[in-house]
Each structure stands twice: as structure tokens, then as C-alpha cells.
Amino acid sequence: MAWITDSLRGAIDLASRLNPFSRAGGVETAIAGHFTHQLAIAAYMSSGMLRKVIAIPAADRTQKWRDWQADKDDITKIEAEEKRLGLRAKTKEAEVLRGTGGGAFILVTAGDHDSPLTPESVGPNGLVAVNVVSRWEITPKDFEKDLASPNYRQPRYFEVNGGEKTAQPIHPSRVICFRGDPIPSATSFDEIETFWGDCRLLQVFTAVQNSDHTQAWFVELVKKAKLLRIGIPDLLDMLSSEEGKRNLNERIALIASGESTLNATVYRSGTGQDDPGEKIDDYQINFSGIPAFMDAVDQRLAAVSGIPFTKLMGRSPAGMNATGESDMSNWWDTVGDGQENETRPCLEQLDPFLLRSAGVSKPDDIWWLWAPLRKPTEKEEAETFKLLMEAIGALIDGGMVPREALAQAVQNLIEERGYMPGLADALKKIPEAERYGLSPEDDGGDDDPSAIQARGGDPDLAGGGGSGSGAARRAVTDAVSWLSDATPRPLYVQRKLLNAADLIAWAKENGFATTLPASDMHVTVLYSRSPVDPMKMGRDWREDEKGQIIVRPGGPRVIEKLGENAVVLRFACHDLDWRHKDMIEAGGSHDWPEYMPHVTLSYEAPDGLDIDMLKPFNGALRFGPEIFEPLDLDWKRKVKEQ
């Protein structure tokens, strides 16, 4: 085998190895289970394919690194300490060593290395270095054999080979080992081999070997793609004398020179009467089917290594409508599994020392997540953000979470996902009451619905409905308290437009400079000045299992002005008509001759815009669950457009 040179052959003691496997042709043998350092490194360095199979998982596990969950100052300190120690690159190096047989981190601090190391003993910059060693540079010693011990089969100390110097003892608390998969028990491996575990290099060795040999054989075949064949009569007679040999060599050299080719084969063309005389012909090799055969060998390698064929070979997916997304999705799942089950335990063993060396204030309260392995496209990020905001809108509409708590959670979510860089710093400059959507009225103003008596205009045109804008709504706890008894009072019922972004986009495309915020777009179901018992309204049996009502695309629609300057989208919806009628029959009142379902777009129609000529928004309208609120006659003061 080309990987193992003559200088390495003497280092391989066949008698000490188990389960031999050989290359095709049987020239070289490498023994499974007990690779020497020289053999493993020779194999890794000599085969580009083997290096890829080992290095790709290590690179992908550390490609995006870690997202620390802490305050900004602590994150800055931690990332600076990781950079000082070169931790990310060293983790990748250790993962490569895991694939070739095993490796370890050595935690270097002041003091003796054979003494125990505790996190509390590490101060700021207390980690002098985190060094990486291979399993052949460090030897576990004196294994624990007590089955009742939590450290069963773990070494009591390590020895670091210092070259020509005496081996250096090191305490296990200073060693973080990157080991392979556990070797099944009841095997004949010794304690050290069992400790380091299975070797990924051995798992893929045969498949890589086959791939490399196939490639080498094909290259040799290409050299013979065009073969010159020279037929000479009485060839054997010519070879029987020195003069005949000389004449033959001169003749062949002349023919080969004239043909300008390097490949030539001489054969005896015939004898006697049937002898056609000297003959020259070309023989070409048929390569049909060879590429498919090579792909089959490489696909076997991809299957054994667990790396997608397209990634391992650097090729685009083949076949009709093939995208490779499924393969890559499975691969990222595999990488994530390796991160969690192999890399994370090693890093978490290091982190207590790292955090204290970084000088963070509360190391026990800090944690981290793996950064996403796959970065979504801008379109995917926009769609995710849209769906997320719609889900948050549903939470607001459902009144299941108090407004202040939800505002804090949403702000944290937006900051953590990076949707709005600089949001945290900007929020710090805003008073807390404004930061979480609290108006002076919310903080203590008298908004008892029973005290609201003044007439406030057309309720159906309110940008925020009976409750005003989203930022000025009453806390959900107040609403729950308001509905906790059946005392009749003025009532407002609305449904939020869940896909308001679609309607806003249509309005902007048709000349509207501003519109109501998406959170304020709604359809009014009931505006009752007459006191009414909300419990008598019951539930709307026409809504779906999520409490929503969907107006299908199309149907009668119109853009028109209502009141003084409101521009609305009117539409037909029998479900809303019947629900409004049910509420009126249950004791509610209505100030207008008829109920007209509509969504208010804006109170500032652009100058020169011919409303009558606008083609109405024709898409679906998705309305959320019903929201019961005390009637707010002062809604118009709270309307703001954007």
C-alpha cells in the first residue's frame, strides 16, 4: 500500500496486532485495533480522502461555535478569553485527534501539574494555556478497578511523554480527553485501548482504501487509453540472434517515433503463407460504465463515513429535481448529535475553569447553546420573522400573557435572534414605562369603563379598536379582572387581522404613505354603549378550532371613506354578520343603521389619490379570536400611524 513506506514497515509488529486487513493485491497489511502513532499519521497524511473524512466532522462541529447566554459585558470577557487561549481552533484540532485515535486538552496553570485543579482555585487569567496532545503523547496510568467507584475504569493519573526527558505526571482534573465511541465489553483489548475507545480512522479505513485504489487504477487505465500494437512476423526468430534483436529495436523505435506515442505493444502477427507481414494498429479502451463504478465505490465510502456524497466529493446533486437538501439536513442532524454527545461534554468540563479565568461575575449562572449550523437565507429569515410576529400577535389577542411580561420576552427574543442589532442599547435609554408599552393612563389613570360616558365618534374607525393602540392597551390582568363578574357594562368586541402585513404591503404599493400598525388592524364585531353582560355573549360556533374566522380571497369588496377621513376596506362576511346579530339579540347595541364589516387602513389618505379607482385588496383575510374589552370612547386620541 502506498500509504506505508518502507521506513514504516519495520515499526509495525504484526504479532501484536489483531484482525489484519489488507489492500487488494496483498502487498501491505495494516492491523485493526492497535494503530501505532506512525501508522495512523502516515495514513492520515498520505490520503487526501482519508483526511477529508476525518477533518470534515471536526470542522463542522466547530464551524459556528457557541452562543453564550449572559449579559453583554460577560459575553465580551468570555469571548476574549476564548480568543486568547485559541480555544476554537484547539477544539477542532482535538476533534481531528479524536478521529485518528484520541487526544486531550491539558489545562496549564501555575503550580504543580500533578496536584488537583478546582475551578475555585482559578482566578482571572488563571488559565495559562489550553494545550492539545494526541493519545500517543499522554498515557493513562493506574486504572480504577472498583466497580462501586464512580471513576471505574478511569486513570488515577496521566503521564505526559517529555521526549528524552523523564515522563511528567499530571492529575486527571487537568486532562480533558476527546475519546472515540466505547468499545464493546468482553473484548481482548487492553485497558488503554478500551479507555480511548473506537477509532473513526479504522471505521472508514477500508472504504477509503477502496476509493483510493479505484482512483489509482483508473488513472493507470487512462494512460493506456490509446495503445499502439505492432505485429511482426517471425518475431521469435528475430529474437534468437543479436543482429535480429538490434534490427527489431531499430524498427520499433522508428515506428513509435513516427506514431508519436508512448504506449506500444509488440506481438507476433503470423507465419507461413497466412503471414500478412508487418502490421500496425491502434487499440482503444472503452471507458463505458467506469464512472458509474467509481461513483458506486465513493457512495459506499459516503455511507460508511456518514458524510453526504455531495459534500464529500464536492459535487452538486444529480437527478431530476435533486437539491441535496435532504442529505444536508440529515448531515446537520448528525453534526448536531456529535456536538451534543461528544464535543459538549468536553467543553463543559473546561468551562468552569474558563469562566473564572475570564473574570465573569456569576459563572454558575452562565450557559451556552451551539450556534445554528445552517444560516437561513434572507427570505427564510423574513418568513420566520413574519410567522413569529403573527404568533406573538395571537398571544396578545388571546390575552394569555400579561402585556409587560410579553413585551420583555419579545424584546429579548428579537435581540437574541439578531433581528434588530442595537435594540438592547436603545431600550436602556427609554423609561421602563415606555419600554414595555405602559402609558400614564395604564400606570394609574382612571379608566374604569363605568366612568366613560362621553360620545367619542365612530367606533368602527378606531385604529386600535375599543382598546386604543397596542402599546396603550390595558394589562391583560385588568381585562381578566373586568370579566370576572357578570356586571353589565359598555362592551367592545374585536378580532385582530392576523395577516395585516399583506394588507399593509398592498396599501403601500397603491400610494398610501402611512397606515395603521399591523397590531391595530382589526374588524369590530360589537360596539355597545348600552351596558351588557359579556357572559351572555357565549362563543361563536362559526370560528375554527383556533378561534379564527377566515374570509376567503375574492368576493364583494370596496375601498371607501368612512366618517371624516378614514379609509377602510369593506368586505362581505356572513359569519361576522350573524355573530354581530347574535350579540345584539343578547342585549348589545349598535349606533349605526347597519353593520358593515371593514378594516381601517389609514386616517391620512394621500392627496390626489382617487379612492374610487383603487382595485381592492383581494387576498384572504385571517381574523384572530374574539377579544372582549371595556368600551373606550377616547380611542381616537391614541391612534398613531406608521
# chains A, B, ... in the order shown; residues from 1 in each chain; ligands from 1
>>> closest_atom_pairs(of="stretch 94-187 of chain A", to="stretch 70-83 of chain A", cutoff="12 Å", atoms="only C-alpha atoms", output="CSV")
residue,atom,partner,partner_atom,distance
A:Pro124,CA,A:Glu81,CA,9.7
A:Asn125,CA,A:Glu81,CA,8.0
A:Gly126,CA,A:Glu81,CA,10.6
A:Leu127,CA,A:Glu81,CA,9.3
A:Val128,CA,A:Glu81,CA,10.7
A:Ala129,CA,A:Glu81,CA,10.5
A:Val130,CA,A:Glu82,CA,10.0
>>> residues_around(residues="stretch 86-98 of chain A", least_positions_apart="4", cutoff="9 Å", atoms="only C-alpha atoms", output="count of residues only")
33
>>> atom_distance(atom1="atom CA of A:Leu614", atom2="atom CA of A:Trp578")
28.8 Å
>>> residues_around(residues="A:Ile584", least_positions_apart="4", cutoff="10 Å", atoms="only C-alpha atoms", output="list in words")
Leu526, Tyr527, Ser528, Val532, Met537, Trp578, Arg579, His580, Gly588, Ser589 and His590 of chain A
>>> select_by_dssp(residues="stretch 88-132 of chain A", states="helix (DSSP H, G or I)", output="PyMOL selection string")
chain A and resi 88-100+119-121
>>> write_last_selection(atoms="C-alpha atoms", output="short mmCIF file (atom, residue, chain, number, x, y, z; two decimals), in the first residue's frame")
data_model
loop_
_atom_site.label_atom_id
_atom_site.label_comp_id
_atom_site.auth_asym_id
_atom_site.auth_seq_id
_atom_site.Cartn_x
_atom_site.Cartn_y
_atom_site.Cartn_z
CA ARG A 88 -11.99 27.23 18.94
CA ALA A 89 -9.04 26.14 16.77
CA LYS A 90 -7.75 23.84 19.50
CA THR A 91 -11.15 22.19 19.84
CA LYS A 92 -11.11 21.45 16.12
CA GLU A 93 -7.59 20.02 16.47
CA ALA A 94 -8.70 17.83 19.36
CA GLU A 95 -11.70 16.60 17.34
CA VAL A 96 -9.36 15.62 14.49
CA LEU A 97 -7.25 13.70 17.00
CA ARG A 98 -10.42 12.01 18.27
CA GLY A 99 -10.94 10.75 14.73
CA THR A 100 -7.37 9.43 14.40
CA PRO A 119 -12.47 25.84 39.45
CA GLU A 120 -12.37 27.91 42.65
CA SER A 121 -8.58 27.94 42.53
#
>>> atom_distance(atom1="atom CA of A:Asp540", atom2="atom CA of A:Ala620")
20.2 Å
>>> closest_residue(among="A:Asn151, A:Asn330, A:Ser357, A:Gln408", to="A:Leu85", atoms="only C-alpha atoms")
A:Ser357
